[in-house]
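A.B. asks: Contents of start_3.cif (mmCIF, C-alpha atoms) are below:
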```cif
data_run
#
loop_
_atom_site.label_atom_id
_atom_site.label_comp_id
_atom_site.auth_asym_id
_atom_site.auth_seq_id
_atom_site.Cartn_x
_atom_site.Cartn_y
_atom_site.Cartn_z
CA MET A 122 -18.11 8.65 -10.57
CA GLU A 123 -15.16 7.76 -12.77
CA ASP A 124 -13.96 4.17 -12.67
CA ASN A 125 -10.58 5.11 -11.19
CA THR A 126 -11.95 7.55 -8.59
CA ILE A 127 -10.69 6.54 -5.17
CA ILE A 128 -11.85 9.54 -3.08
CA SER A 129 -15.02 11.50 -3.79
CA PHE A 130 -16.58 14.49 -1.98
CA ALA A 131 -20.02 15.79 -2.99
CA ASN A 132 -21.20 19.06 -1.40
CA VAL A 133 -19.48 18.21 1.88
CA GLY A 134 -19.62 20.50 4.88
CA ALA A 135 -17.81 20.04 8.19
CA ARG A 136 -17.87 21.68 11.59
CA TYR A 137 -17.04 20.86 15.20
CA ASP A 138 -19.89 20.93 17.73
CA GLU A 139 -22.01 24.05 17.13
CA ASP A 140 -19.19 26.14 15.68
CA ASP A 141 -19.31 27.71 12.22
CA ASP A 142 -18.43 25.59 9.20
CA ILE A 143 -14.75 24.84 8.66
CA LEU A 144 -15.48 23.42 5.21
CA THR A 145 -18.50 24.29 3.05
CA ASP A 146 -19.84 22.66 -0.14
CA VAL A 147 -16.59 20.84 -0.94
CA SER A 148 -16.80 18.67 -4.07
CA PHE A 149 -14.02 16.83 -5.90
CA ASN A 150 -12.92 13.45 -7.26
CA ILE A 151 -9.39 12.10 -6.84
CA GLY A 152 -8.21 9.26 -9.05
CA ALA A 153 -6.19 6.25 -7.95
CA GLY A 154 -2.45 6.85 -8.18
CA ALA A 155 -2.62 10.65 -7.90
CA PHE A 156 -0.26 12.81 -5.83
CA TYR A 157 -1.57 16.10 -4.43
CA PHE A 158 -0.16 18.71 -2.12
CA LEU A 159 -2.70 20.10 0.35
CA SER A 160 -2.08 23.75 1.20
CA GLY A 161 -3.75 26.51 3.17
CA ALA A 162 -3.24 28.74 6.18
CA SER A 163 -3.22 27.34 9.71
CA GLY A 164 -6.79 26.66 10.75
CA ALA A 165 -8.09 26.71 7.17
CA GLY A 166 -9.27 23.10 7.36
CA LYS A 167 -6.44 20.96 5.96
CA THR A 168 -6.39 18.56 8.91
CA THR A 169 -10.18 18.44 8.95
CA LEU A 170 -10.17 17.39 5.29
CA LEU A 171 -7.74 14.55 6.03
CA ARG A 172 -9.80 13.50 9.06
CA LEU A 173 -12.91 13.34 6.88
CA ILE A 174 -11.18 11.07 4.37
CA TYR A 175 -9.91 8.76 7.13
CA ARG A 176 -13.35 8.84 8.83
CA LEU A 177 -11.97 10.33 12.03
CA HIS A 178 -14.61 13.03 11.59
CA ARG A 179 -18.05 12.92 9.98
CA PRO A 180 -19.41 15.63 7.67
CA CYS A 181 -22.40 17.65 8.79
CA ARG A 182 -23.79 17.33 5.26
CA GLY A 183 -22.84 15.99 1.85
CA ILE A 184 -21.52 12.60 0.78
CA ILE A 185 -18.00 11.17 1.04
CA LYS A 186 -16.99 8.02 -0.80
CA VAL A 187 -13.67 6.18 -0.40
CA PHE A 188 -12.94 3.11 -2.53
CA GLY A 189 -16.41 3.64 -4.02
CA LYS A 190 -18.20 3.19 -0.68
CA GLN A 191 -20.07 5.92 1.18
CA THR A 192 -18.35 6.55 4.52
CA ASN A 193 -20.93 8.77 6.26
CA ASN A 194 -22.72 5.95 8.08
CA MET A 195 -20.22 3.12 7.82
CA SER A 196 -20.27 0.48 10.53
CA HIS A 197 -17.27 0.09 12.81
CA ASP A 198 -16.20 -3.06 10.95
CA ASP A 199 -16.46 -1.32 7.58
CA VAL A 200 -14.38 1.63 8.81
CA THR A 201 -11.74 -0.81 10.09
CA GLU A 202 -11.68 -2.62 6.75
CA MET A 203 -11.34 0.67 4.88
CA ARG A 204 -8.49 1.90 7.11
CA HIS A 205 -6.59 -1.33 6.52
CA LYS A 206 -6.10 -0.04 2.97
CA MET A 207 -4.96 3.40 4.14
CA ALA A 208 -2.12 4.94 6.12
CA ILE A 209 -1.63 8.27 7.80
CA VAL A 210 1.59 10.09 8.76
CA PHE A 211 1.64 12.97 11.24
CA GLN A 212 4.06 15.82 11.88
CA GLU A 213 4.58 14.63 15.47
CA TYR A 214 5.68 11.11 14.39
CA SER A 215 3.29 9.26 16.81
CA LEU A 216 5.81 6.51 17.58
CA LEU A 217 5.47 4.20 20.59
CA SER A 218 8.37 4.86 22.95
CA HIS A 219 8.04 1.53 24.77
CA MET A 220 8.74 -0.34 21.51
CA SER A 221 11.90 -0.58 19.43
CA VAL A 222 12.11 0.93 15.96
CA PHE A 223 11.64 -2.59 14.53
CA ASP A 224 8.52 -3.25 16.59
CA ASN A 225 7.02 0.16 15.73
CA VAL A 226 7.32 -0.62 12.03
CA ALA A 227 6.13 -4.22 12.49
CA LEU A 228 3.02 -3.26 14.46
CA PRO A 229 0.58 -2.80 11.50
CA LEU A 230 1.54 -6.20 10.08
CA ARG A 231 1.17 -7.95 13.41
CA VAL A 232 -2.25 -6.38 13.92
CA ARG A 233 -3.23 -7.89 10.56
CA GLY A 234 -2.00 -11.33 11.62
CA VAL A 235 0.86 -11.60 9.11
CA ASP A 236 3.18 -14.55 9.72
CA GLU A 237 6.15 -13.51 11.86
CA SER A 238 8.74 -14.81 9.38
CA LYS A 239 7.29 -12.50 6.73
CA VAL A 240 7.08 -9.65 9.23
CA LYS A 241 10.82 -9.94 9.85
CA LYS A 242 11.64 -9.88 6.13
CA LEU A 243 9.35 -6.97 5.34
CA VAL A 244 10.42 -4.82 8.27
CA THR A 245 14.10 -5.47 7.52
CA LYS A 246 13.64 -4.51 3.87
CA THR A 247 11.66 -1.41 4.73
CA LEU A 248 14.17 -0.17 7.30
CA GLU A 249 16.97 -0.74 4.79
CA TRP A 250 15.07 1.30 2.22
CA VAL A 251 14.55 4.28 4.52
CA GLY A 252 18.19 4.07 5.67
CA LEU A 253 17.52 2.98 9.26
CA ALA A 254 18.45 -0.71 9.32
CA LYS A 255 21.17 -0.17 11.92
CA PHE A 256 18.63 1.40 14.30
CA ALA A 257 16.21 -1.54 14.29
CA ASP A 258 16.78 -2.30 17.99
CA SER A 259 16.92 1.34 19.09
CA ASN A 260 14.33 3.25 21.04
CA PRO A 261 12.72 5.68 18.57
CA LEU A 262 13.14 8.58 21.02
CA SER A 263 16.92 8.17 20.73
CA LEU A 264 16.77 9.12 17.04
CA SER A 265 16.85 12.55 15.44
CA GLY A 266 13.65 14.20 14.26
CA GLY A 267 14.34 13.32 10.64
CA GLN A 268 15.04 9.71 11.56
CA GLN A 269 11.88 9.43 13.66
CA GLN A 270 9.83 10.74 10.77
CA ARG A 271 11.36 8.11 8.49
CA VAL A 272 10.34 5.45 11.04
CA SER A 273 6.76 6.74 10.90
CA VAL A 274 6.86 6.62 7.09
CA ALA A 275 8.28 3.09 7.19
CA ARG A 276 5.39 2.05 9.45
CA ALA A 277 2.96 3.49 6.90
CA ILE A 278 4.73 1.94 3.90
CA ILE A 279 4.76 -1.52 5.45
CA VAL A 280 1.02 -2.04 4.81
CA GLN A 281 1.37 -1.02 1.13
CA PRO A 282 -1.61 1.35 1.44
CA ALA A 283 -3.79 2.34 -1.49
CA ILE A 284 -4.15 5.81 0.08
CA MET A 285 -1.55 7.72 2.09
CA LEU A 286 -2.56 10.84 4.03
CA ALA A 287 0.32 12.95 5.35
CA ASP A 288 -0.41 15.84 7.72
CA GLU A 289 2.54 18.27 7.66
CA PRO A 290 5.09 15.42 7.72
CA THR A 291 7.98 17.77 6.87
CA GLY A 292 6.97 20.50 9.32
CA ASN A 293 9.68 19.69 11.88
CA LEU A 294 12.39 18.83 9.35
CA ASP A 295 15.19 20.83 7.76
CA ASP A 296 15.30 21.22 3.98
CA GLU A 297 17.59 18.21 3.46
CA ASN A 298 15.43 15.84 5.48
CA ALA A 299 12.25 17.28 3.97
CA SER A 300 13.57 16.55 0.47
CA ARG A 301 14.63 13.04 1.47
CA LEU A 302 11.16 12.38 2.87
CA MET A 303 9.60 13.66 -0.35
CA GLU A 304 11.70 11.20 -2.36
CA LEU A 305 10.34 8.38 -0.19
CA PHE A 306 6.77 9.47 -0.88
CA ILE A 307 7.44 9.85 -4.61
CA GLN A 308 8.86 6.33 -4.88
CA MET A 309 5.92 5.00 -2.90
CA ASN A 310 3.57 6.68 -5.37
CA LYS A 311 5.46 5.34 -8.38
CA MET A 312 6.19 1.81 -7.19
CA PHE A 313 2.95 1.01 -5.34
CA GLY A 314 0.59 3.37 -7.18
CA THR A 315 -0.38 4.81 -3.81
CA THR A 316 -2.67 7.84 -3.88
CA ILE A 317 -0.99 10.49 -1.74
CA ILE A 318 -2.36 13.70 -0.23
CA LEU A 319 0.39 15.60 1.56
CA ALA A 320 -0.48 18.67 3.64
CA THR A 321 2.29 21.25 3.85
CA HIS A 322 3.06 24.91 4.50
CA ASN A 323 6.37 24.57 2.68
CA SER A 324 6.08 26.66 -0.49
CA GLY A 325 9.63 25.71 -1.49
CA LEU A 326 8.67 22.04 -1.45
CA MET A 327 5.64 22.71 -3.65
CA GLU A 328 7.78 24.74 -6.04
CA LYS A 329 10.45 22.05 -6.29
CA TYR A 330 8.04 19.16 -6.81
CA LYS A 331 5.46 20.15 -9.41
CA PHE A 332 2.48 18.19 -8.13
CA PRO A 333 -1.02 19.67 -8.34
CA VAL A 334 -2.25 21.47 -5.24
CA MET A 335 -5.50 21.28 -3.29
CA HIS A 336 -5.74 24.70 -1.65
CA VAL A 337 -8.09 25.25 1.30
CA GLU A 338 -9.27 28.84 1.75
CA ASN A 339 -12.49 30.51 2.93
CA HIS A 340 -14.02 27.10 3.75
CA HIS A 341 -13.61 25.84 0.18
CA VAL A 342 -11.11 23.64 -1.68
CA ASN A 343 -9.66 24.84 -4.98
CA PHE A 344 -7.36 22.90 -7.30
CA VAL A 345 -4.19 24.47 -8.71
CA GLY A 346 -2.31 22.72 -11.50
CA ALA A 347 -3.25 19.85 -13.78
CA ARG A 348 -5.19 16.96 -12.25
CA ARG A 349 -2.90 14.11 -13.17
CA ALA A 350 -2.01 10.70 -11.82
CA THR A 351 1.71 10.11 -11.30
CA ALA A 352 1.72 6.35 -11.15
CA THR A 353 0.48 3.43 -13.18
CA PRO A 354 -2.64 1.66 -11.87
CA ARG A 355 -1.97 -0.81 -9.07
CA THR A 356 -3.19 -3.66 -11.25
CA THR A 357 -0.39 -3.17 -13.78
CA GLU A 358 3.36 -3.29 -13.48
CA ALA A 359 4.71 0.00 -12.20
CA LYS A 360 7.32 1.87 -14.19
CA LYS A 361 10.80 2.17 -12.79
CA PRO A 362 11.15 5.47 -10.88
CA THR A 363 13.02 8.20 -12.73
CA ILE A 364 14.34 9.80 -9.56
CA LYS A 365 17.76 8.81 -8.31
CA ASP A 366 17.64 6.74 -5.15
CA ASP A 367 19.90 3.87 -4.14
CA GLY A 368 16.99 2.28 -2.27
CA ALA A 369 14.81 1.73 -5.33
CA GLY A 370 15.79 -1.93 -5.50
CA TYR A 371 14.74 -2.45 -1.91
CA PHE A 372 11.37 -0.87 -2.60
CA ALA A 373 10.77 -3.03 -5.67
CA ALA A 374 11.61 -6.12 -3.62
CA LEU A 375 9.29 -4.92 -0.88
CA SER A 376 6.47 -4.52 -3.39
CA LYS A 377 7.00 -8.10 -4.64
CA GLN A 378 6.95 -9.48 -1.09
CA PHE A 379 3.67 -7.67 -0.45
CA SER A 380 2.24 -9.48 -3.45
CA ASP A 381 3.36 -12.75 -1.86
CA ILE A 382 1.59 -11.80 1.39
CA GLY A 383 -1.59 -11.01 -0.53
CA ASN A 384 -1.54 -14.50 -2.04
CA LYS A 385 -0.91 -16.42 1.17
#
```
How does this structure look as structure tokens?

C.D. replies:
Amino acid sequence: MEDNTIISFANVGARYDEDDDILTDVSFNIGAGAFYFLSGASGAGKTTLLRLIYRLHRPCRGIIKVFGKQTNNMSHDDVTEMRHKMAIVFQEYSLLSHMSVFDNVALPLRVRGVDESKVKKLVTKTLEWVGLAKFADSNPLSLSGGQQQRVSVARAIIVQPAIMLADEPTGNLDDENASRLMELFIQMNKMFGTTIILATHNSGLMEKYKFPVMHVENHHVNFVGARRATATPRTTEAKKPTIKDDGAGYFAALSKQFSDIGNK
């Protein structure tokens, strides 16, 4: 396995109960800092692939490694530790309606025991960056679909994950909001070096943003386009994003504050 490989599948198969295989003999390596679209027809196995990476589902055969560790028979504690370095965003937002926008975004930090003064700073910065600072005290259900999706992305960003899995995050959004969400993911990839796998049916999105594609069809995964990383390694200083976004400064500041948290 290459030194920078962060996700590895070797002859992996997956099924549910006694049904036929959804995925068969899937093998690939994904390097740290890469950005891939994940495409395929409904029911082809895109969500199953993401569930396998996040260890929400176990393969019926083959070996999966994440961060260099085999996940097949991980203990509960090891799975928890692994997921602390990952984040997942769903099409349906998955926000908690009994909490404010602020508290939804703060939740992952509080679960990790981060000092409340730092939680306040990080959540404030993150909400500013996604353009939702004025909605911090709002109920998430009072927001538009595009705004709710940005809250869910903010909640994922706040833990500065090494891996981001996004399952049809633009599926309920119009073209403008889908593009805005893509810009958030691109900056996250560039500034944090986050490895991103984004499942989508949106061919226009894949045409506009020329990232390589993992295509699921006939139980197999094929790669379309060059296998390239789009960000500098997380251990080096990230390059300034080339895309235009007034929130870039906020994101850079957020990245620095995460470094402070890591050193506390």

A.B. asks: Contacts of segment 330-342 of chain A at 9 Å or less, counting all atoms listed in the file, minus same-chain residues fewer than 4 places along, as JSON, numbers by chain?

C.D. replies: {"A": [134, 142, 143, 144, 145, 146, 147, 148, 149, 156, 157, 158, 159, 160, 161, 162, 165, 166, 167, 303, 318, 320, 325, 326, 346, 347, 348, 349, 351]}

A.B. asks: What's the 6 Å shell around segment 275-284 of chain A, counting only C-alpha atoms, without same-chain residues fewer than 6 positions away, as a PyMOL selection string?

C.D. replies: chain A and resi 206-208+226+315-317

A.B. asks: Could I get the residues of segment 160-241 of chain A with an atom no further than 6 Å from an atom of segment 252-266 of chain A, each paired with its nearest atom pair and that distance in Å to one decimal, using all atoms listed in the file, sorted by chain and residue number, as CSV?

C.D. replies:
```
residue,atom,partner,partner_atom,distance
A:Ser221,CA,A:Asn260,CA,4.8
A:Val222,CA,A:Ala257,CA,5.1
A:Phe223,CA,A:Ala257,CA,4.7
```

A.B. asks: Please indicate the distance in Å from atom CA of Thr245 of chain A to atom CA of Asn310 of chain A, rounded to one decimal place.

C.D. replies: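 Separation between atom CA of Thr245 of chain A and atom CA of Asn310 of chain A: 20.6 Å.
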
A.B. asks: Report, in Å with one decimal, the straight-line distance from atom CA of Met327 of chain A to atom CA of His205 of chain A.

C.D. replies: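 Between atom CA of Met327 of chain A and atom CA of His205 of chain A the gap works out to 28.8 Å.
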
A.B. asks: For segment 135-141 of chain A, I'd like the enclosing box, axis-aligned and padded by 3 Å on every side, reported as JSON with centre and edge lengths in Å to one decimal.

C.D. replies:
```
{"center_x": -19.5, "center_y": 23.9, "center_z": 13.0, "size_x": 11.0, "size_y": 13.7, "size_z": 15.5}
```

A.B. asks: Rebuild segment 173-184 of chain A so that it carries all heavy atoms, then output the result as a compact mmCIF listing (two decimals), keeping the file's coordinate frame.

C.D. replies:
```txt
# COMPACT_ATOMS: atom_id res chain seq x y z
N LEU A 173 -11.69 13.77 7.57
CA LEU A 173 -12.91 13.34 6.88
C LEU A 173 -12.64 12.14 5.99
O LEU A 173 -13.42 11.19 5.94
CB LEU A 173 -13.48 14.49 6.06
CG LEU A 173 -14.15 15.63 6.83
CD1 LEU A 173 -14.38 16.82 5.91
CD2 LEU A 173 -15.47 15.18 7.45
N ILE A 174 -11.52 12.18 5.27
CA ILE A 174 -11.18 11.07 4.37
C ILE A 174 -10.94 9.79 5.17
O ILE A 174 -11.38 8.71 4.78
CB ILE A 174 -9.93 11.42 3.52
CG1 ILE A 174 -10.23 12.59 2.59
CG2 ILE A 174 -9.47 10.21 2.71
CD1 ILE A 174 -9.00 13.14 1.88
N TYR A 175 -10.26 9.92 6.30
CA TYR A 175 -9.91 8.76 7.13
C TYR A 175 -11.07 8.34 8.05
O TYR A 175 -10.97 7.36 8.77
CB TYR A 175 -8.67 9.09 7.97
CG TYR A 175 -7.89 7.89 8.44
CD1 TYR A 175 -7.20 7.08 7.55
CD2 TYR A 175 -7.83 7.57 9.80
CE1 TYR A 175 -6.48 5.99 7.99
CE2 TYR A 175 -7.11 6.48 10.25
CZ TYR A 175 -6.44 5.68 9.34
OH TYR A 175 -5.72 4.60 9.78
N ARG A 176 -12.15 9.07 8.01
CA ARG A 176 -13.35 8.84 8.83
C ARG A 176 -13.04 8.98 10.32
O ARG A 176 -13.59 8.25 11.16
CB ARG A 176 -13.98 7.49 8.54
CG ARG A 176 -15.43 7.53 8.06
CD ARG A 176 -16.38 8.26 8.98
NE ARG A 176 -16.61 7.58 10.24
CZ ARG A 176 -17.59 6.70 10.47
NH1 ARG A 176 -18.43 6.41 9.51
NH2 ARG A 176 -17.74 6.14 11.64
N LEU A 177 -12.17 9.94 10.64
CA LEU A 177 -11.97 10.33 12.03
C LEU A 177 -12.96 11.43 12.41
O LEU A 177 -13.11 11.77 13.58
CB LEU A 177 -10.54 10.84 12.25
CG LEU A 177 -9.44 9.78 12.21
CD1 LEU A 177 -8.07 10.45 12.19
CD2 LEU A 177 -9.55 8.82 13.38
N HIS A 178 -13.60 12.00 11.39
CA HIS A 178 -14.61 13.03 11.59
C HIS A 178 -15.70 12.83 10.55
O HIS A 178 -15.41 12.42 9.43
CB HIS A 178 -13.99 14.43 11.47
CG HIS A 178 -14.92 15.54 11.86
ND1 HIS A 178 -15.36 15.72 13.14
CD2 HIS A 178 -15.50 16.53 11.12
CE1 HIS A 178 -16.16 16.78 13.20
NE2 HIS A 178 -16.27 17.29 11.98
N ARG A 179 -16.94 13.09 10.91
CA ARG A 179 -18.05 12.92 9.98
C ARG A 179 -18.51 14.28 9.46
O ARG A 179 -18.53 15.27 10.22
CB ARG A 179 -19.22 12.22 10.65
CG ARG A 179 -18.90 10.80 11.09
CD ARG A 179 -20.17 10.10 11.55
NE ARG A 179 -19.89 8.80 12.15
CZ ARG A 179 -20.82 7.91 12.46
NH1 ARG A 179 -22.09 8.19 12.23
NH2 ARG A 179 -20.50 6.76 13.01
N PRO A 180 -18.91 14.36 8.21
CA PRO A 180 -19.41 15.63 7.67
C PRO A 180 -20.78 15.97 8.27
O PRO A 180 -21.53 15.08 8.67
CB PRO A 180 -19.52 15.35 6.17
CG PRO A 180 -19.77 13.88 6.08
CD PRO A 180 -18.96 13.27 7.20
N CYS A 181 -21.07 17.25 8.33
CA CYS A 181 -22.40 17.65 8.79
C CYS A 181 -23.41 17.60 7.65
O CYS A 181 -24.63 17.63 7.89
CB CYS A 181 -22.35 19.05 9.42
SG CYS A 181 -21.75 20.37 8.34
N ARG A 182 -22.92 17.53 6.43
CA ARG A 182 -23.79 17.33 5.26
C ARG A 182 -22.92 16.90 4.08
O ARG A 182 -21.69 17.01 4.12
CB ARG A 182 -24.56 18.62 4.91
CG ARG A 182 -23.67 19.79 4.56
CD ARG A 182 -24.47 21.06 4.32
NE ARG A 182 -23.59 22.22 4.19
CZ ARG A 182 -23.05 22.86 5.21
NH1 ARG A 182 -23.33 22.48 6.45
NH2 ARG A 182 -22.25 23.89 5.02
N GLY A 183 -23.57 16.45 3.02
CA GLY A 183 -22.84 15.99 1.85
C GLY A 183 -22.49 14.52 1.94
O GLY A 183 -22.76 13.84 2.94
N ILE A 184 -21.86 14.01 0.89
CA ILE A 184 -21.52 12.60 0.78
C ILE A 184 -20.04 12.42 0.50
O ILE A 184 -19.47 13.09 -0.37
CB ILE A 184 -22.33 11.92 -0.34
CG1 ILE A 184 -23.83 11.95 0.01
CG2 ILE A 184 -21.88 10.48 -0.57
CD1 ILE A 184 -24.72 11.46 -1.11
```
